[in-house]
>>> print(open('work_8.cif').read())   # mmCIF, C-alpha atoms and all ligand atoms
data_input
#
loop_
_atom_site.group_PDB
_atom_site.id
_atom_site.type_symbol
_atom_site.label_atom_id
_atom_site.label_comp_id
_atom_site.auth_asym_id
_atom_site.auth_seq_id
_atom_site.Cartn_x
_atom_site.Cartn_y
_atom_site.Cartn_z
ATOM 1 C CA MET Z 3 60.233 67.364 73.414
ATOM 2 C CA ALA Z 4 63.962 68.005 72.939
ATOM 3 C CA SER Z 5 65.401 66.679 69.684
ATOM 4 C CA GLU Z 6 68.268 64.164 69.686
ATOM 5 C CA SER Z 7 70.748 66.864 68.649
ATOM 6 C CA ARG Z 8 69.574 69.062 71.518
ATOM 7 C CA LYS Z 9 70.053 66.169 73.966
ATOM 8 C CA ARG Z 10 73.609 65.414 72.836
ATOM 9 C CA LYS Z 11 76.064 66.461 75.497
ATOM 10 C CA SER Z 12 78.744 69.011 74.629
ATOM 11 C CA PRO Z 13 82.215 68.104 76.016
ATOM 12 C CA GLU Z 14 82.922 71.815 76.505
ATOM 13 C CA ARG Z 15 79.914 72.113 78.821
ATOM 14 C CA GLU Z 16 80.890 69.042 80.872
ATOM 15 C CA SER Z 17 84.026 70.827 82.013
ATOM 16 C CA MET Z 18 82.383 74.163 82.890
ATOM 17 C CA PRO Z 19 84.362 75.735 85.730
ATOM 18 C CA PHE Z 20 81.400 76.617 87.936
ATOM 19 C CA GLY Z 21 83.357 75.627 91.011
ATOM 20 C CA ASP Z 22 86.214 78.065 90.371
ATOM 21 C CA ASP Z 23 86.432 81.014 92.695
ATOM 22 C CA SER Z 24 88.874 83.774 91.856
ATOM 23 C CA GLY Z 25 87.486 85.936 94.663
ATOM 24 C CA LYS Z 26 86.246 88.437 92.076
ATOM 25 C CA PRO Z 27 82.540 89.374 91.833
ATOM 26 C CA ARG Z 28 80.662 86.838 89.685
ATOM 27 C CA ILE Z 29 78.620 88.748 87.132
ATOM 28 C CA LEU Z 30 76.228 87.194 84.634
ATOM 29 C CA LEU Z 31 75.811 89.547 81.667
ATOM 30 C CA ALA Z 32 73.001 89.008 79.172
ATOM 31 C CA ALA Z 33 71.977 90.534 75.868
ATOM 32 C CA CYS Z 34 68.671 90.558 73.957
ATOM 33 C CA GLY Z 35 67.754 91.144 70.333
ATOM 34 C CA CYS Z 36 68.298 94.901 70.242
ATOM 35 C CA VAL Z 37 70.467 96.844 67.802
ATOM 36 C CA ALA Z 38 72.499 97.957 70.834
ATOM 37 C CA ALA Z 39 73.618 94.339 71.326
ATOM 38 C CA VAL Z 40 76.358 95.234 68.821
ATOM 39 C CA GLN Z 41 77.988 96.818 71.904
ATOM 40 C CA PHE Z 42 77.760 93.633 73.985
ATOM 41 C CA GLY Z 43 81.435 92.714 73.451
ATOM 42 C CA HIS Z 44 82.410 96.146 74.760
ATOM 43 C CA ILE Z 45 80.070 95.770 77.750
ATOM 44 C CA CYS Z 46 81.640 92.380 78.556
ATOM 45 C CA LYS Z 47 85.092 93.954 78.318
ATOM 46 C CA CYS Z 48 84.164 96.775 80.756
ATOM 47 C CA PHE Z 49 83.073 94.203 83.351
ATOM 48 C CA SER Z 50 85.698 91.514 82.755
ATOM 49 C CA GLU Z 51 88.546 93.726 83.906
ATOM 50 C CA TRP Z 52 86.882 93.912 87.348
ATOM 51 C CA ALA Z 53 84.786 90.746 87.673
ATOM 52 C CA GLU Z 54 84.505 87.114 86.668
ATOM 53 C CA VAL Z 55 81.997 87.267 83.814
ATOM 54 C CA LYS Z 56 79.795 84.731 82.093
ATOM 55 C CA ALA Z 57 77.526 85.826 79.260
ATOM 56 C CA VAL Z 58 74.121 84.807 77.953
ATOM 57 C CA ALA Z 59 72.589 85.810 74.617
ATOM 58 C CA THR Z 60 69.052 85.233 73.400
ATOM 59 C CA ASP Z 61 68.735 83.754 69.903
ATOM 60 C CA ASP Z 62 67.789 87.147 68.471
ATOM 61 C CA ALA Z 63 70.706 88.855 70.233
ATOM 62 C CA LEU Z 64 73.026 86.585 68.228
ATOM 63 C CA SER Z 65 71.995 88.491 65.075
ATOM 64 C CA PHE Z 66 73.720 91.581 66.482
ATOM 65 C CA ILE Z 67 76.666 90.167 68.447
ATOM 66 C CA ASP Z 68 80.030 89.684 66.795
ATOM 67 C CA ARG Z 69 81.444 86.803 68.849
ATOM 68 C CA ALA Z 70 84.990 87.953 68.020
ATOM 69 C CA THR Z 71 84.356 91.035 70.215
ATOM 70 C CA ILE Z 72 83.626 88.937 73.335
ATOM 71 C CA PRO Z 73 86.738 88.789 75.584
ATOM 72 C CA LYS Z 74 88.495 85.395 75.490
ATOM 73 C CA ASP Z 75 87.902 84.688 79.189
ATOM 74 C CA VAL Z 76 84.119 85.216 78.876
ATOM 75 C CA VAL Z 77 82.059 82.161 77.858
ATOM 76 C CA LEU Z 78 78.911 83.042 75.902
ATOM 77 C CA TYR Z 79 75.959 80.698 76.563
ATOM 78 C CA THR Z 80 72.940 80.382 74.299
ATOM 79 C CA ASP Z 81 69.621 78.512 74.338
ATOM 80 C CA GLU Z 82 71.290 75.656 72.495
ATOM 81 C CA ASP Z 83 73.765 75.216 75.376
ATOM 82 C CA ASP Z 84 70.908 74.914 77.878
ATOM 83 C CA TRP Z 85 69.638 71.875 75.961
ATOM 84 C CA ARG Z 86 73.007 70.421 74.927
ATOM 85 C CA SER Z 87 74.365 70.423 78.493
ATOM 86 C CA TRP Z 88 71.537 68.112 79.565
ATOM 87 C CA GLY Z 89 71.513 64.444 78.576
ATOM 88 C CA THR Z 90 70.192 62.457 81.547
ATOM 89 C CA THR Z 91 68.580 63.139 84.927
ATOM 90 C CA ALA Z 92 72.070 62.912 86.449
ATOM 91 C CA ASP Z 93 73.110 66.102 84.633
ATOM 92 C CA GLY Z 94 72.895 69.624 85.958
ATOM 93 C CA ILE Z 95 70.684 72.150 84.212
ATOM 94 C CA LEU Z 96 72.576 75.097 82.798
ATOM 95 C CA HIS Z 97 70.074 77.836 83.672
ATOM 96 C CA ILE Z 98 70.015 76.631 87.287
ATOM 97 C CA GLN Z 99 73.829 76.367 87.429
ATOM 98 C CA LEU Z 100 74.213 79.896 86.077
ATOM 99 C CA ARG Z 101 71.589 81.220 88.488
ATOM 100 C CA ARG Z 102 73.500 79.634 91.383
ATOM 101 C CA TRP Z 103 76.900 80.796 90.147
ATOM 102 C CA ALA Z 104 76.040 84.461 89.608
ATOM 103 C CA GLU Z 105 76.038 87.082 92.336
ATOM 104 C CA ILE Z 106 74.526 89.692 90.031
ATOM 105 C CA LEU Z 107 72.558 89.520 86.786
ATOM 106 C CA VAL Z 108 72.839 92.410 84.331
ATOM 107 C CA ILE Z 109 70.735 92.389 81.151
ATOM 108 C CA ALA Z 110 72.204 95.011 78.827
ATOM 109 C CA PRO Z 111 70.605 95.547 76.449
ATOM 110 C CA VAL Z 112 67.198 94.206 77.452
ATOM 111 C CA SER Z 113 64.523 94.213 74.727
ATOM 112 C CA ALA Z 114 60.888 95.282 75.017
ATOM 113 C CA ASN Z 115 60.018 91.634 74.445
ATOM 114 C CA THR Z 116 62.177 90.224 77.258
ATOM 115 C CA LEU Z 117 61.086 92.987 79.657
ATOM 116 C CA ALA Z 118 57.465 91.993 79.054
ATOM 117 C CA LYS Z 119 58.282 88.303 79.435
ATOM 118 C CA ILE Z 120 60.039 88.946 82.755
ATOM 119 C CA ALA Z 121 57.068 90.975 84.020
ATOM 120 C CA GLY Z 122 54.720 88.162 83.011
ATOM 121 C CA GLY Z 123 56.882 85.376 84.469
ATOM 122 C CA LEU Z 124 57.416 83.691 81.096
ATOM 123 C CA CYS Z 125 60.435 81.435 80.771
ATOM 124 C CA ASP Z 126 60.881 80.066 77.268
ATOM 125 C CA ASN Z 127 64.626 80.493 76.756
ATOM 126 C CA LEU Z 128 67.898 80.341 78.712
ATOM 127 C CA LEU Z 129 67.765 83.974 79.856
ATOM 128 C CA THR Z 130 64.147 84.042 80.997
ATOM 129 C CA CYS Z 131 64.578 80.679 82.781
ATOM 130 C CA ILE Z 132 67.471 82.229 84.733
ATOM 131 C CA VAL Z 133 65.353 85.278 85.569
ATOM 132 C CA ARG Z 134 62.350 83.168 86.567
ATOM 133 C CA ALA Z 135 64.518 80.936 88.803
ATOM 134 C CA TRP Z 136 66.481 83.892 90.226
ATOM 135 C CA ASP Z 137 67.023 84.385 93.963
ATOM 136 C CA TYR Z 138 65.810 87.982 94.345
ATOM 137 C CA SER Z 139 68.001 88.614 97.364
ATOM 138 C CA LYS Z 140 70.701 88.964 94.669
ATOM 139 C CA PRO Z 141 70.617 92.085 92.471
ATOM 140 C CA VAL Z 142 69.282 92.192 88.916
ATOM 141 C CA PHE Z 143 69.863 95.187 86.646
ATOM 142 C CA VAL Z 144 68.152 95.806 83.315
ATOM 143 C CA ALA Z 145 69.315 98.376 80.765
ATOM 144 C CA PRO Z 146 66.594 98.763 78.111
ATOM 145 C CA SER Z 147 67.279 99.729 74.545
ATOM 146 C CA MET Z 148 64.490 100.235 72.047
ATOM 147 C CA ASN Z 149 62.838 102.652 69.676
ATOM 148 C CA PHE Z 150 61.300 105.710 71.340
ATOM 149 C CA PHE Z 151 57.753 104.607 70.436
ATOM 150 C CA LEU Z 152 58.244 101.202 72.058
ATOM 151 C CA TRP Z 153 59.692 102.848 75.170
ATOM 152 C CA LYS Z 154 56.891 105.420 75.439
ATOM 153 C CA SER Z 155 54.165 102.772 74.922
ATOM 154 C CA PRO Z 156 51.676 102.374 77.821
ATOM 155 C CA PHE Z 157 52.870 98.747 78.059
ATOM 156 C CA THR Z 158 56.212 100.024 79.396
ATOM 157 C CA ASP Z 159 54.645 101.576 82.527
ATOM 158 C CA ASN Z 160 52.988 98.294 83.521
ATOM 159 C CA VAL Z 161 56.112 96.294 82.829
ATOM 160 C CA LEU Z 162 58.332 98.661 84.840
ATOM 161 C CA LEU Z 163 55.910 98.504 87.754
ATOM 162 C CA SER Z 164 56.156 94.696 87.844
ATOM 163 C CA LEU Z 165 59.943 94.847 87.664
ATOM 164 C CA LYS Z 166 60.018 97.335 90.539
ATOM 165 C CA GLU Z 167 57.927 94.957 92.644
ATOM 166 C CA LEU Z 168 60.500 92.238 91.974
ATOM 167 C CA GLY Z 169 63.285 94.600 93.095
ATOM 168 C CA ILE Z 170 64.850 94.688 89.619
ATOM 169 C CA ALA Z 171 66.930 97.850 89.141
ATOM 170 C CA LEU Z 172 66.363 99.907 86.008
ATOM 171 C CA ILE Z 173 69.342 101.532 84.316
ATOM 172 C CA THR Z 174 67.472 104.314 82.575
ATOM 173 C CA PRO Z 175 67.953 104.603 78.818
ATOM 174 C CA ALA Z 176 69.749 107.610 77.452
ATOM 175 C CA SER Z 177 67.954 110.307 75.535
ATOM 176 C CA LYS Z 178 69.107 110.958 72.010
ATOM 177 C CA SER Z 179 67.932 110.884 68.420
ATOM 178 C CA MET Z 180 67.717 107.442 66.836
ATOM 179 C CA ALA Z 181 69.819 107.886 63.713
ATOM 180 C CA ASP Z 182 68.143 105.226 61.582
ATOM 181 C CA ASP Z 183 64.512 106.330 61.837
ATOM 182 C CA GLY Z 184 64.659 109.957 62.946
ATOM 183 C CA ASP Z 185 62.710 109.433 66.208
ATOM 184 C CA HIS Z 186 63.803 111.530 69.153
ATOM 185 C CA GLY Z 187 63.679 110.872 72.891
ATOM 186 C CA ASN Z 188 64.467 108.176 75.437
ATOM 187 C CA GLY Z 189 65.066 104.566 74.562
ATOM 188 C CA THR Z 190 68.757 104.382 73.696
ATOM 189 C CA LEU Z 191 70.960 102.053 75.729
ATOM 190 C CA ALA Z 192 72.763 103.816 78.578
ATOM 191 C CA ASP Z 193 76.505 104.252 78.034
ATOM 192 C CA PRO Z 194 78.288 100.921 78.741
ATOM 193 C CA VAL Z 195 80.696 102.691 81.091
ATOM 194 C CA ASN Z 196 77.718 104.044 83.072
ATOM 195 C CA ILE Z 197 76.126 100.574 83.183
ATOM 196 C CA TYR Z 198 79.365 99.138 84.536
ATOM 197 C CA GLY Z 199 79.785 102.030 86.997
ATOM 198 C CA THR Z 200 76.228 101.665 88.325
ATOM 199 C CA VAL Z 201 76.609 97.932 88.940
ATOM 200 C CA ARG Z 202 80.044 98.250 90.506
ATOM 201 C CA LEU Z 203 78.980 101.081 92.825
ATOM 202 C CA SER Z 204 75.966 99.058 93.945
ATOM 203 C CA TYR Z 205 78.120 95.941 94.515
ATOM 204 C CA GLU Z 206 80.679 97.862 96.555
ATOM 205 C CA SER Z 207 78.053 99.615 98.621
ATOM 206 C CA ARG Z 208 76.330 96.258 99.361
ATOM 207 C CA ARG Z 209 79.699 94.800 100.384
ATOM 208 C CA ARG Z 210 80.318 97.711 102.753
ATOM 209 C CA SER Z 211 76.886 97.291 104.322
ATOM 210 C CA GLY Z 212 77.311 93.498 104.542
ATOM 211 C CA GLY Z 213 74.481 92.899 102.048
ATOM 212 C CA SER Z 214 76.427 90.614 99.694
ATOM 213 C CA ASP Z 215 77.415 87.083 100.596
ATOM 214 C CA GLY Z 216 80.450 87.369 98.314
HETATM 215 C C1 LIG B 301 66.604 94.801 62.902
HETATM 216 C C2 LIG B 301 65.859 94.695 64.210
HETATM 217 C C3 LIG B 301 66.217 95.523 65.242
HETATM 218 C C4 LIG B 301 65.546 95.449 66.467
HETATM 219 N N1 LIG B 301 65.919 96.269 67.495
HETATM 220 C C5 LIG B 301 65.265 96.208 68.661
HETATM 221 C C6 LIG B 301 65.661 97.047 69.729
HETATM 222 O O1 LIG B 301 66.593 97.858 69.629
HETATM 223 N N2 LIG B 301 64.983 96.928 70.914
HETATM 224 C C7 LIG B 301 63.958 96.057 71.083
HETATM 225 O O2 LIG B 301 63.389 96.017 72.187
HETATM 226 N N3 LIG B 301 63.573 95.230 70.086
HETATM 227 C C8 LIG B 301 64.207 95.273 68.888
HETATM 228 N N4 LIG B 301 63.839 94.444 67.865
HETATM 229 C C9 LIG B 301 62.773 93.446 68.110
HETATM 230 C C10 LIG B 301 63.323 92.240 68.858
HETATM 231 O O3 LIG B 301 64.461 91.705 68.193
HETATM 232 C C11 LIG B 301 62.234 91.170 68.978
HETATM 233 O O4 LIG B 301 61.199 91.669 69.810
HETATM 234 C C12 LIG B 301 62.758 89.872 69.510
HETATM 235 O O5 LIG B 301 61.680 88.969 69.663
HETATM 236 C C13 LIG B 301 63.477 90.041 70.847
HETATM 237 O O6 LIG B 301 63.830 88.767 71.314
HETATM 238 P P1 LIG B 301 64.566 88.589 72.729
HETATM 239 O O7 LIG B 301 63.829 89.440 73.706
HETATM 240 O O8 LIG B 301 64.420 87.119 73.011
HETATM 241 O O9 LIG B 301 65.991 88.950 72.538
HETATM 242 C C14 LIG B 301 64.498 94.502 66.648
HETATM 243 C C15 LIG B 301 64.141 93.667 65.581
HETATM 244 C C16 LIG B 301 64.803 93.776 64.385
HETATM 245 C C17 LIG B 301 64.387 92.882 63.244
#
>>> encode(input="work_8.cif", output="structure tokens")
Amino acid sequence: MASESRKRKSPERESMPFGDDSGKPRILLAACGCVAAVQFGHICKCFSEWAEVKAVATDDALSFIDRATIPKDVVLYTDEDDWRSWGTTADGILHIQLRRWAEILVIAPVSANTLAKIAGGLCDNLLTCIVRAWDYSKPVFVAPSMNFFLWKSPFTDNVLLSLKELGIALITPASKSMADDGDHGNGTLADPVNIYGTVRLSYESRRRSGGSDG
């Protein structure tokens, strides 16, 4: 059961501009508890020059994100916000509002843990509730980042198969040596510019083919 402090409504959340429409693509960017989440501010910046961006971080991602690097026009939502924005049955639910608002969901970086939770349909935080409630006619991209041994684990094959069935697009990790532990191979987050380029190309090609409802 939610604690009293969780139930208290945040004034900031009451005035969330979900109705605003700048005409730009509405991109929901999310980060998980990976070392590469230190780049999340930079990833937000790449997208925010082109799109309207809202951001979501898991609790463990917050250990790696320096909030000062998040562009001023990007609001960062956390699990606490999901609870604080709800006080009575008359209130909206943040993960449903964000799921409605977004045209595209991009999880960069996505952790081994969240990938497995998505594949299994678990929804125990803001991000996985959004993913579980997602309308899969709208694109979802995941950009994994993890140690080579986690990436090469047999679990990864099963997880990626489930994601493929859901139509979730994989932005393949880069291949390079992991400086801190000396392991070599795939698993490193793709370059943020490539993540942005992949999503933008896909959006523009959907627009041209009439696949996006804008
Ligand atoms: C210092 C540290 C670095 C970590 N880096 C990664 C990582 O790069 N990729 C990954 O998948 N998990 C990494 N983990 C493990 C995740 O943080 C852990 O599985 C966590 O539960 C992920 O939570 P989330 O999926 O809700 O963000 C790391 C853990 C620690 C303590």
>>> atom_distance(input="work_8.cif", atom1="atom CA of Leu96 of chain Z", atom2="atom CA of Tyr138 of chain Z")
18.6 Å
>>> atom_distance(input="work_8.cif", atom1="atom CA of Ala70 of chain Z", atom2="atom CA of Asn115 of chain Z")
26.0 Å
>>> residues_near_ligand(input="work_8.cif", ligand="ligand LIG 301 (chain B)", cutoff="10 Å", atoms="only C-alpha atoms and all ligand atoms", output="mmCIF file with C-alpha atoms, in the coordinates of the input")
data_model
loop_
_atom_site.group_PDB
_atom_site.id
_atom_site.type_symbol
_atom_site.label_atom_id
_atom_site.label_comp_id
_atom_site.auth_asym_id
_atom_site.auth_seq_id
_atom_site.Cartn_x
_atom_site.Cartn_y
_atom_site.Cartn_z
ATOM 1 C CA ALA Z 32 73.001 89.008 79.172
ATOM 2 C CA ALA Z 33 71.977 90.534 75.868
ATOM 3 C CA CYS Z 34 68.671 90.558 73.957
ATOM 4 C CA GLY Z 35 67.754 91.144 70.333
ATOM 5 C CA CYS Z 36 68.298 94.901 70.242
ATOM 6 C CA VAL Z 37 70.467 96.844 67.802
ATOM 7 C CA ALA Z 38 72.499 97.957 70.834
ATOM 8 C CA ALA Z 39 73.618 94.339 71.326
ATOM 9 C CA ALA Z 59 72.589 85.810 74.617
ATOM 10 C CA THR Z 60 69.052 85.233 73.400
ATOM 11 C CA ASP Z 61 68.735 83.754 69.903
ATOM 12 C CA ASP Z 62 67.789 87.147 68.471
ATOM 13 C CA ALA Z 63 70.706 88.855 70.233
ATOM 14 C CA LEU Z 64 73.026 86.585 68.228
ATOM 15 C CA SER Z 65 71.995 88.491 65.075
ATOM 16 C CA PHE Z 66 73.720 91.581 66.482
ATOM 17 C CA PRO Z 111 70.605 95.547 76.449
ATOM 18 C CA VAL Z 112 67.198 94.206 77.452
ATOM 19 C CA SER Z 113 64.523 94.213 74.727
ATOM 20 C CA ALA Z 114 60.888 95.282 75.017
ATOM 21 C CA ASN Z 115 60.018 91.634 74.445
ATOM 22 C CA THR Z 116 62.177 90.224 77.258
ATOM 23 C CA LEU Z 117 61.086 92.987 79.657
ATOM 24 C CA ALA Z 118 57.465 91.993 79.054
ATOM 25 C CA LYS Z 119 58.282 88.303 79.435
ATOM 26 C CA ILE Z 120 60.039 88.946 82.755
ATOM 27 C CA ASP Z 126 60.881 80.066 77.268
ATOM 28 C CA ASN Z 127 64.626 80.493 76.756
ATOM 29 C CA LEU Z 128 67.898 80.341 78.712
ATOM 30 C CA LEU Z 129 67.765 83.974 79.856
ATOM 31 C CA THR Z 130 64.147 84.042 80.997
ATOM 32 C CA PRO Z 146 66.594 98.763 78.111
ATOM 33 C CA SER Z 147 67.279 99.729 74.545
ATOM 34 C CA MET Z 148 64.490 100.235 72.047
ATOM 35 C CA ASN Z 149 62.838 102.652 69.676
ATOM 36 C CA PHE Z 150 61.300 105.710 71.340
ATOM 37 C CA LEU Z 152 58.244 101.202 72.058
ATOM 38 C CA TRP Z 153 59.692 102.848 75.170
ATOM 39 C CA GLY Z 189 65.066 104.566 74.562
ATOM 40 C CA THR Z 190 68.757 104.382 73.696
ATOM 41 C CA LEU Z 191 70.960 102.053 75.729
#
>>> atom_distance(input="work_8.cif", atom1="atom CA of Ala135 of chain Z", atom2="atom CA of Leu30 of chain Z")
13.9 Å
>>> resolve_selection(input="work_8.cif", expression="the PyMOL selection byres (((chain Z and resi 204) around 12) and not hetatm)", output="PyMOL selection string")
chain Z and resi 27+106+140-143+171+173+197-203+205-211+213-214
>>> closest_residue(input="work_8.cif", among="Z:Thr158, Z:Thr174, Z:Ser164, Z:Thr90", to="Ala145 of chain Z", atoms="all atoms listed in the file")
Z:Thr174
>>> closest_residue(input="work_8.cif", among="Z:Ala110, Z:Val161, Z:Ile95, Z:Leu100", to="Phe49 of chain Z", atoms="all atoms listed in the file")
Z:Ala110
>>> residues_around(input="work_8.cif", residues="Trp136 of chain Z", least_positions_apart="6", cutoff="9 Å", atoms="all atoms listed in the file", output="list in words")
Ile98, Arg101, Arg102, Leu107 and Val142 of chain Z
>>> closest_residue(input="work_8.cif", among="Z:Ala176, Z:Leu124, Z:Ile67, Z:Val58", to="Asn196 of chain Z", atoms="only C-alpha atoms")
Z:Ala176
>>> closest_residue(input="work_8.cif", among="Z:Val144, Z:Ile170, Z:Val55, Z:Val195", to="Ile109 of chain Z", atoms="all atoms listed in the file")
Z:Val144
>>> resolve_selection(input="work_8.cif", expression="the PyMOL selection byres (((chain Z and resi 78) around 7) and not hetatm)", output="PDB file with C-alpha atoms, keeping the file's coordinate frame")
ATOM      1  CA  LYS Z  56      79.795  84.731  82.093  1.00  0.00           C
ATOM      2  CA  ALA Z  57      77.526  85.826  79.260  1.00  0.00           C
ATOM      3  CA  VAL Z  58      74.121  84.807  77.953  1.00  0.00           C
ATOM      4  CA  VAL Z  76      84.119  85.216  78.876  1.00  0.00           C
ATOM      5  CA  VAL Z  77      82.059  82.161  77.858  1.00  0.00           C
ATOM      6  CA  TYR Z  79      75.959  80.698  76.563  1.00  0.00           C
ATOM      7  CA  THR Z  80      72.940  80.382  74.299  1.00  0.00           C
TER       8      THR Z  80
END
